[in-house]
Amino acid sequence: WNGKWYAAGFKDDGKPFGVQQDKEGKIWLNAQSWALIGGVSTEEQEKKIVESVSKYLQKPTGPTVIGPAYTSMREDIGRVTIKVPGTNENGSVYCHAASFYAYALFLLRRSDDAFKTIRALLPSDNVNQLPLYIPNMFRGPGAGWTAGRSSHYPGTGTAAWFFRIVVDRLFGVRADFDSLIIDPQLPSCWASARISRMFRGASFDVHMHRSKHASKLTIIFNGKTLHNGRISCQPTGTKHKIEVILPMKNNLTVSQFQK
C-alpha cells in the first residue's frame with residue numbers, strides 16, 4: 001500500500017512499481033481489483049482505491065488497465081512496456097480486467113458505479129464496432145487519435161465474467177452449494193427487472209421492482225414472504241415465482257443474505 005492504492009509488484013532490486021512516484025505505469029487496475037475482491041483492504045483504503053481509479057484510469061469506455069501507458073521499453077519491468085501505448089496490457093481498456101473491477105465494485109455494494117463500468121464495455125456507435133460481441137480491448141489515451149476505438153478482436157475471457165457479474169451480482173440470483181441466493185443490486189436508474197434461472201433442475205422466474213412504500217428488501221417466494229434471501233433446492237422439473245420488492249433508492253448496506 002503506497003498511500004492511495006496498491007503497488008503492482010516489485011522489481012529485481014526490491015523496489016515497487018505501479019506507485020505514486022512513477023511517471024508511467026503509475027497505477028495498475030488489477031492490483032486494486034483483486035485487493036478489493038480478496039478483502040485485504042480496509043474501508044478507508046477501499047474509498048481511496050475507488051477515488052484513484054476514477055481519477056487516473058476511468059475513461060468513457062471503462063477503466064484502463066494501467067495509467068499512464070509506458071512509452072518506451074523498461075527492462076526492469078518487462079514485456080508490457082514494449083506494447084504499443086494505449087493497446088493491450090499497456091494502457092488500454094482491457095475488458096477482461098475492467099470486468100474484474102466491476103465485480104469488485106459490486107462486492108462493495110457500489111451498484112451504480114459497477115453498472116456504469118460494465119455498461120461502458122458494451123460496444124456503441126462511437127467505438128467503430130458492430131455490437132455483436134465484447135472485444136478484447138478498447139484503445140486507451142496513449143493510442144492517440146484511435147483512443148476509444150475497439151480492437152475488433154473477440155478473443156477474451158470477458159464474456160464469461162460479464163455473464164456472471166450480471167446474473168450473480170446485478171440481478172443477484174446467485175447459486176450457492178445448497179440454495180439459490182436472492183440479493184439484487186439493480187442500478188438506481190432501473191425501476192424493474194426480470195430474469196429466469198434454472199437451478200438444480202428447477203426453474204425460477206424472478207420479477208424485481210421498486211416501490212415507494214418499501215424501506216427494505218422484501219422477497220416473496222411462491223406467495224410467501226421469506227425471512228432471508230436463501231431458497232433451498234426445489235424438486236427437479238418444478239417451476240417457481242419470486243417477487244422482489246426494493247426501495248426506491250440504493251441505500252442498502254452489505255446484504256444480510258450474502259453469507
# chains A, B, ... in the order shown; residues from 1 in each chain; ligands from 1
>>> select_by_dssp(residues="region 17-119 of chain A", states="strand (DSSP E or B)", output="MDAnalysis selection string")
chainID A and resid 17 27:28 58:59 62:63 66:67 87 90 93:94
>>> residues_around(residues="region 62-76 of chain A", least_positions_apart="2", cutoff="7 Å", atoms="only C-alpha atoms", output="short mmCIF file (atom, residue, chain, number, x, y, z; two decimals) with all heavy atoms, in the first residue's frame")
data_model
loop_
_atom_site.label_atom_id
_atom_site.label_comp_id
_atom_site.auth_asym_id
_atom_site.auth_seq_id
_atom_site.Cartn_x
_atom_site.Cartn_y
_atom_site.Cartn_z
N LYS A 11 10.31 -4.99 -8.43
CA LYS A 11 11.38 -5.25 -9.39
C LYS A 11 12.47 -6.10 -8.74
O LYS A 11 12.43 -6.37 -7.54
CB LYS A 11 11.94 -3.92 -9.89
CG LYS A 11 10.90 -3.09 -10.66
CD LYS A 11 11.44 -1.74 -11.07
CE LYS A 11 11.53 -0.79 -9.89
NZ LYS A 11 11.91 0.58 -10.30
N GLU A 24 5.18 6.83 -15.52
CA GLU A 24 4.43 5.93 -16.39
C GLU A 24 4.12 4.66 -15.63
O GLU A 24 4.91 4.23 -14.78
CB GLU A 24 5.23 5.62 -17.67
CG GLU A 24 5.49 6.86 -18.51
CD GLU A 24 6.29 6.55 -19.77
OE1 GLU A 24 6.91 5.47 -19.86
OE2 GLU A 24 6.32 7.42 -20.67
N GLY A 25 2.97 4.04 -15.92
CA GLY A 25 2.59 2.86 -15.17
C GLY A 25 2.40 3.17 -13.69
O GLY A 25 2.70 2.35 -12.82
N LYS A 26 1.86 4.33 -13.41
CA LYS A 26 1.70 4.82 -12.03
C LYS A 26 0.75 3.94 -11.21
O LYS A 26 1.00 3.66 -10.04
CB LYS A 26 1.20 6.27 -12.07
CG LYS A 26 0.96 6.90 -10.70
CD LYS A 26 0.27 8.25 -10.83
CE LYS A 26 1.16 9.27 -11.48
NZ LYS A 26 2.26 9.68 -10.54
N ILE A 27 -0.36 3.52 -11.83
CA ILE A 27 -1.36 2.73 -11.13
C ILE A 27 -1.85 1.61 -12.05
O ILE A 27 -2.13 1.85 -13.23
CB ILE A 27 -2.54 3.61 -10.63
CG1 ILE A 27 -3.63 2.74 -9.99
CG2 ILE A 27 -3.09 4.48 -11.72
CD1 ILE A 27 -4.73 3.57 -9.31
N TRP A 28 -1.92 0.40 -11.51
CA TRP A 28 -2.34 -0.79 -12.25
C TRP A 28 -3.70 -1.24 -11.71
O TRP A 28 -3.86 -1.47 -10.51
CB TRP A 28 -1.32 -1.92 -12.12
CG TRP A 28 0.01 -1.64 -12.77
CD1 TRP A 28 0.77 -0.52 -12.67
CD2 TRP A 28 0.74 -2.55 -13.61
NE1 TRP A 28 1.93 -0.65 -13.39
CE2 TRP A 28 1.94 -1.89 -13.97
CE3 TRP A 28 0.52 -3.85 -14.07
CZ2 TRP A 28 2.90 -2.48 -14.79
CZ3 TRP A 28 1.47 -4.44 -14.88
CH2 TRP A 28 2.65 -3.77 -15.24
N LEU A 29 -4.65 -1.42 -12.60
CA LEU A 29 -6.02 -1.73 -12.19
C LEU A 29 -6.14 -3.07 -11.49
O LEU A 29 -6.84 -3.19 -10.47
CB LEU A 29 -6.94 -1.70 -13.42
CG LEU A 29 -8.43 -1.96 -13.16
CD1 LEU A 29 -9.02 -0.85 -12.29
CD2 LEU A 29 -9.19 -2.05 -14.49
N ASN A 30 -5.49 -4.12 -12.01
CA ASN A 30 -5.68 -5.45 -11.44
C ASN A 30 -5.27 -5.53 -9.97
O ASN A 30 -5.90 -6.24 -9.17
CB ASN A 30 -4.89 -6.49 -12.24
CG ASN A 30 -5.63 -6.93 -13.49
OD1 ASN A 30 -6.83 -6.70 -13.62
ND2 ASN A 30 -4.93 -7.59 -14.39
N TYR A 56 -7.37 8.46 -12.24
CA TYR A 56 -6.26 8.15 -13.13
C TYR A 56 -6.59 7.17 -14.26
O TYR A 56 -5.89 7.16 -15.28
CB TYR A 56 -5.09 7.57 -12.33
CG TYR A 56 -4.46 8.56 -11.39
CD1 TYR A 56 -4.70 8.48 -10.02
CD2 TYR A 56 -3.61 9.57 -11.85
CE1 TYR A 56 -4.12 9.39 -9.13
CE2 TYR A 56 -3.02 10.47 -10.97
CZ TYR A 56 -3.29 10.38 -9.62
OH TYR A 56 -2.71 11.28 -8.76
N LEU A 57 -7.61 6.35 -14.11
CA LEU A 57 -7.84 5.27 -15.07
C LEU A 57 -9.18 5.35 -15.80
O LEU A 57 -9.31 4.82 -16.91
CB LEU A 57 -7.75 3.91 -14.37
CG LEU A 57 -6.41 3.56 -13.70
CD1 LEU A 57 -6.50 2.20 -13.03
CD2 LEU A 57 -5.26 3.62 -14.69
N GLN A 58 -10.19 5.96 -15.21
CA GLN A 58 -11.53 5.90 -15.78
C GLN A 58 -11.63 6.68 -17.09
O GLN A 58 -11.24 7.85 -17.17
CB GLN A 58 -12.55 6.46 -14.79
CG GLN A 58 -14.00 6.11 -15.12
CD GLN A 58 -14.28 4.63 -14.97
OE1 GLN A 58 -13.95 4.04 -13.95
NE2 GLN A 58 -14.90 4.03 -15.98
N LYS A 59 -12.13 6.01 -18.13
CA LYS A 59 -12.32 6.61 -19.46
C LYS A 59 -13.76 6.31 -19.92
O LYS A 59 -14.45 5.50 -19.31
CB LYS A 59 -11.31 6.05 -20.46
CG LYS A 59 -9.85 6.13 -20.00
CD LYS A 59 -9.42 7.55 -19.69
CE LYS A 59 -8.01 7.57 -19.09
NZ LYS A 59 -7.65 8.91 -18.58
N PRO A 60 -14.21 6.94 -21.02
CA PRO A 60 -15.59 6.71 -21.48
C PRO A 60 -15.92 5.25 -21.77
O PRO A 60 -17.06 4.83 -21.63
CB PRO A 60 -15.67 7.56 -22.75
CG PRO A 60 -14.68 8.66 -22.53
CD PRO A 60 -13.55 8.02 -21.79
N GLY A 78 9.48 -5.17 -17.83
CA GLY A 78 9.24 -6.29 -18.72
C GLY A 78 8.37 -6.04 -19.92
O GLY A 78 8.22 -4.92 -20.39
N THR A 81 5.83 -3.23 -21.26
CA THR A 81 6.30 -1.90 -21.64
C THR A 81 6.65 -1.79 -23.12
O THR A 81 6.87 -0.67 -23.59
CB THR A 81 7.53 -1.50 -20.80
OG1 THR A 81 8.63 -2.37 -21.11
CG2 THR A 81 7.23 -1.58 -19.31
N ILE A 82 6.72 -2.91 -23.85
CA ILE A 82 7.01 -2.82 -25.29
C ILE A 82 5.75 -2.87 -26.14
O ILE A 82 5.81 -2.78 -27.35
CB ILE A 82 7.99 -3.93 -25.75
CG1 ILE A 82 7.36 -5.31 -25.59
CG2 ILE A 82 9.30 -3.83 -24.99
CD1 ILE A 82 8.20 -6.43 -26.21
N PRO A 85 1.70 1.92 -26.92
CA PRO A 85 0.97 2.67 -25.89
C PRO A 85 -0.54 2.74 -26.18
O PRO A 85 -0.96 3.02 -27.31
CB PRO A 85 1.61 4.06 -25.94
CG PRO A 85 3.00 3.80 -26.44
CD PRO A 85 2.86 2.68 -27.43
N GLY A 86 -1.32 2.48 -25.17
CA GLY A 86 -2.78 2.54 -25.31
C GLY A 86 -3.40 1.28 -25.87
O GLY A 86 -4.61 1.25 -26.11
N GLU A 89 -2.16 -4.74 -22.87
CA GLU A 89 -1.96 -4.52 -21.44
C GLU A 89 -1.30 -3.18 -21.13
O GLU A 89 -1.20 -2.79 -19.96
CB GLU A 89 -1.10 -5.65 -20.85
CG GLU A 89 -1.75 -7.02 -20.89
CD GLU A 89 -1.40 -7.78 -22.17
OE1 GLU A 89 -0.96 -7.13 -23.15
OE2 GLU A 89 -1.58 -9.02 -22.20
N ASN A 90 -0.85 -2.46 -22.14
CA ASN A 90 -0.16 -1.19 -21.92
C ASN A 90 -1.11 0.00 -22.04
O ASN A 90 -1.01 0.82 -22.96
CB ASN A 90 1.01 -1.04 -22.90
CG ASN A 90 1.89 0.16 -22.57
OD1 ASN A 90 1.79 0.74 -21.50
ND2 ASN A 90 2.75 0.52 -23.51
N GLY A 91 -2.07 0.06 -21.12
CA GLY A 91 -2.90 1.25 -21.03
C GLY A 91 -4.17 1.26 -21.85
O GLY A 91 -4.76 2.32 -22.05
N SER A 92 -4.63 0.10 -22.32
CA SER A 92 -5.94 0.06 -22.98
C SER A 92 -7.01 -0.17 -21.92
O SER A 92 -6.72 -0.47 -20.76
CB SER A 92 -5.99 -1.09 -23.99
OG SER A 92 -6.13 -2.33 -23.33
N VAL A 93 -8.28 -0.02 -22.34
CA VAL A 93 -9.38 -0.51 -21.51
C VAL A 93 -9.47 -2.00 -21.82
O VAL A 93 -10.14 -2.42 -22.76
CB VAL A 93 -10.70 0.21 -21.83
CG1 VAL A 93 -11.85 -0.39 -21.02
CG2 VAL A 93 -10.57 1.70 -21.55
N TYR A 94 -8.73 -2.78 -21.08
CA TYR A 94 -8.65 -4.23 -21.29
C TYR A 94 -9.90 -4.82 -20.65
O TYR A 94 -10.03 -4.87 -19.43
CB TYR A 94 -7.38 -4.76 -20.64
CG TYR A 94 -6.83 -6.01 -21.26
CD1 TYR A 94 -6.24 -5.99 -22.52
CD2 TYR A 94 -6.88 -7.23 -20.58
CE1 TYR A 94 -5.72 -7.13 -23.09
CE2 TYR A 94 -6.36 -8.37 -21.14
CZ TYR A 94 -5.78 -8.33 -22.40
OH TYR A 94 -5.27 -9.46 -22.96
N ALA A 97 -9.94 -7.20 -17.61
CA ALA A 97 -9.53 -6.56 -16.36
C ALA A 97 -10.61 -5.61 -15.85
O ALA A 97 -10.86 -5.52 -14.63
CB ALA A 97 -8.22 -5.81 -16.55
N ALA A 98 -11.27 -4.90 -16.75
CA ALA A 98 -12.34 -3.98 -16.34
C ALA A 98 -13.49 -4.73 -15.69
O ALA A 98 -14.13 -4.22 -14.76
CB ALA A 98 -12.84 -3.18 -17.54
N THR A 117 -19.54 0.73 -15.05
CA THR A 117 -18.34 0.09 -15.56
C THR A 117 -18.67 -1.00 -16.57
O THR A 117 -18.08 -1.05 -17.66
CB THR A 117 -17.53 -0.51 -14.40
OG1 THR A 117 -17.17 0.54 -13.49
CG2 THR A 117 -16.25 -1.17 -14.92
N ALA A 120 -20.15 0.44 -19.86
CA ALA A 120 -19.17 1.07 -20.74
C ALA A 120 -18.48 0.07 -21.65
O ALA A 120 -17.97 0.43 -22.72
CB ALA A 120 -18.14 1.82 -19.91
N LEU A 121 -18.44 -1.21 -21.25
CA LEU A 121 -17.76 -2.23 -22.05
C LEU A 121 -18.56 -2.69 -23.26
O LEU A 121 -18.01 -3.33 -24.16
CB LEU A 121 -17.44 -3.45 -21.17
CG LEU A 121 -16.56 -3.21 -19.95
CD1 LEU A 121 -16.30 -4.52 -19.23
CD2 LEU A 121 -15.25 -2.53 -20.32
N GLY A 140 -6.68 2.89 -25.32
CA GLY A 140 -6.60 3.91 -24.29
C GLY A 140 -6.05 5.22 -24.80
O GLY A 140 -5.71 5.35 -25.99
N GLY A 142 -3.24 6.63 -24.62
CA GLY A 142 -1.89 6.60 -25.19
C GLY A 142 -1.87 6.26 -26.66
O GLY A 142 -0.84 6.45 -27.34
#
>>> closest_residue(among="A:Ile77, A:Asp12, A:Asn88, A:Trp1", to="Glu46 (chain A)", atoms="only C-alpha atoms")
A:Trp1
>>> residues_around(residues="Ile231 (chain A)", least_positions_apart="3", cutoff="12 Å", atoms="only C-alpha atoms", output="list of chain:residue names")
A:Val173, A:Arg174, A:Ala175, A:Asp176, A:Phe177, A:Asp178, A:Ser179, A:Leu180, A:Ile181, A:Ile182, A:Asp183, A:Phe199, A:Arg200, A:Ala202, A:Phe204, A:Ile219, A:Ile220, A:Phe221, A:Asn222, A:Lys224, A:Thr225, A:Leu226, A:His227, A:Asn228, A:Gln234, A:His240, A:Lys241, A:Ile242, A:Phe257
>>> residues_around(residues="region 144-156 of chain A", least_positions_apart="6", cutoff="6 Å", atoms="only C-alpha atoms", output="PyMOL selection string")
chain A and resi 127+135-138
>>> write_last_selection(atoms="N, CA and C atoms", output="short mmCIF file (atom, residue, chain, number, x, y, z; two decimals), in the first residue's frame")
data_model
loop_
_atom_site.label_atom_id
_atom_site.label_comp_id
_atom_site.auth_asym_id
_atom_site.auth_seq_id
_atom_site.Cartn_x
_atom_site.Cartn_y
_atom_site.Cartn_z
N VAL A 127 -17.35 3.59 -30.98
CA VAL A 127 -16.13 2.78 -30.87
C VAL A 127 -15.83 2.04 -32.17
N PRO A 135 -15.28 -6.77 -27.19
CA PRO A 135 -13.94 -7.01 -27.72
C PRO A 135 -12.91 -7.28 -26.63
N ASN A 136 -11.72 -7.64 -27.05
CA ASN A 136 -10.62 -7.83 -26.11
C ASN A 136 -10.27 -6.52 -25.40
N MET A 137 -10.35 -5.41 -26.13
CA MET A 137 -9.97 -4.12 -25.53
C MET A 137 -10.55 -2.96 -26.33
N PHE A 138 -10.57 -1.81 -25.70
CA PHE A 138 -10.76 -0.52 -26.36
C PHE A 138 -9.47 0.25 -26.16
#
>>> closest_residue(among="A:Ser203, A:Gln185, A:Ser33, A:Thr61", to="Asp112 (chain A)", atoms="only C-alpha atoms")
A:Gln185
>>> atom_distance(atom1="CA of Arg194 (chain A)", atom2="CA of Lys249 (chain A)")
18.4 Å
>>> atom_distance(atom1="CA of Tyr6 (chain A)", atom2="CA of Thr158 (chain A)")
23.4 Å
>>> select_by_dssp(residues="region 58-256 of chain A", states="alpha helix (DSSP H)", output="JSON, numbers by chain")
{"A": [95, 96, 97, 98, 99, 100, 101, 102, 103, 104, 105, 106, 107, 111, 112, 113, 114, 115, 116, 117, 118, 119, 120, 158, 159, 160, 161, 162, 163, 164]}
>>> atom_distance(atom1="CA of Val40 (chain A)", atom2="CA of Lys216 (chain A)")
29.0 Å
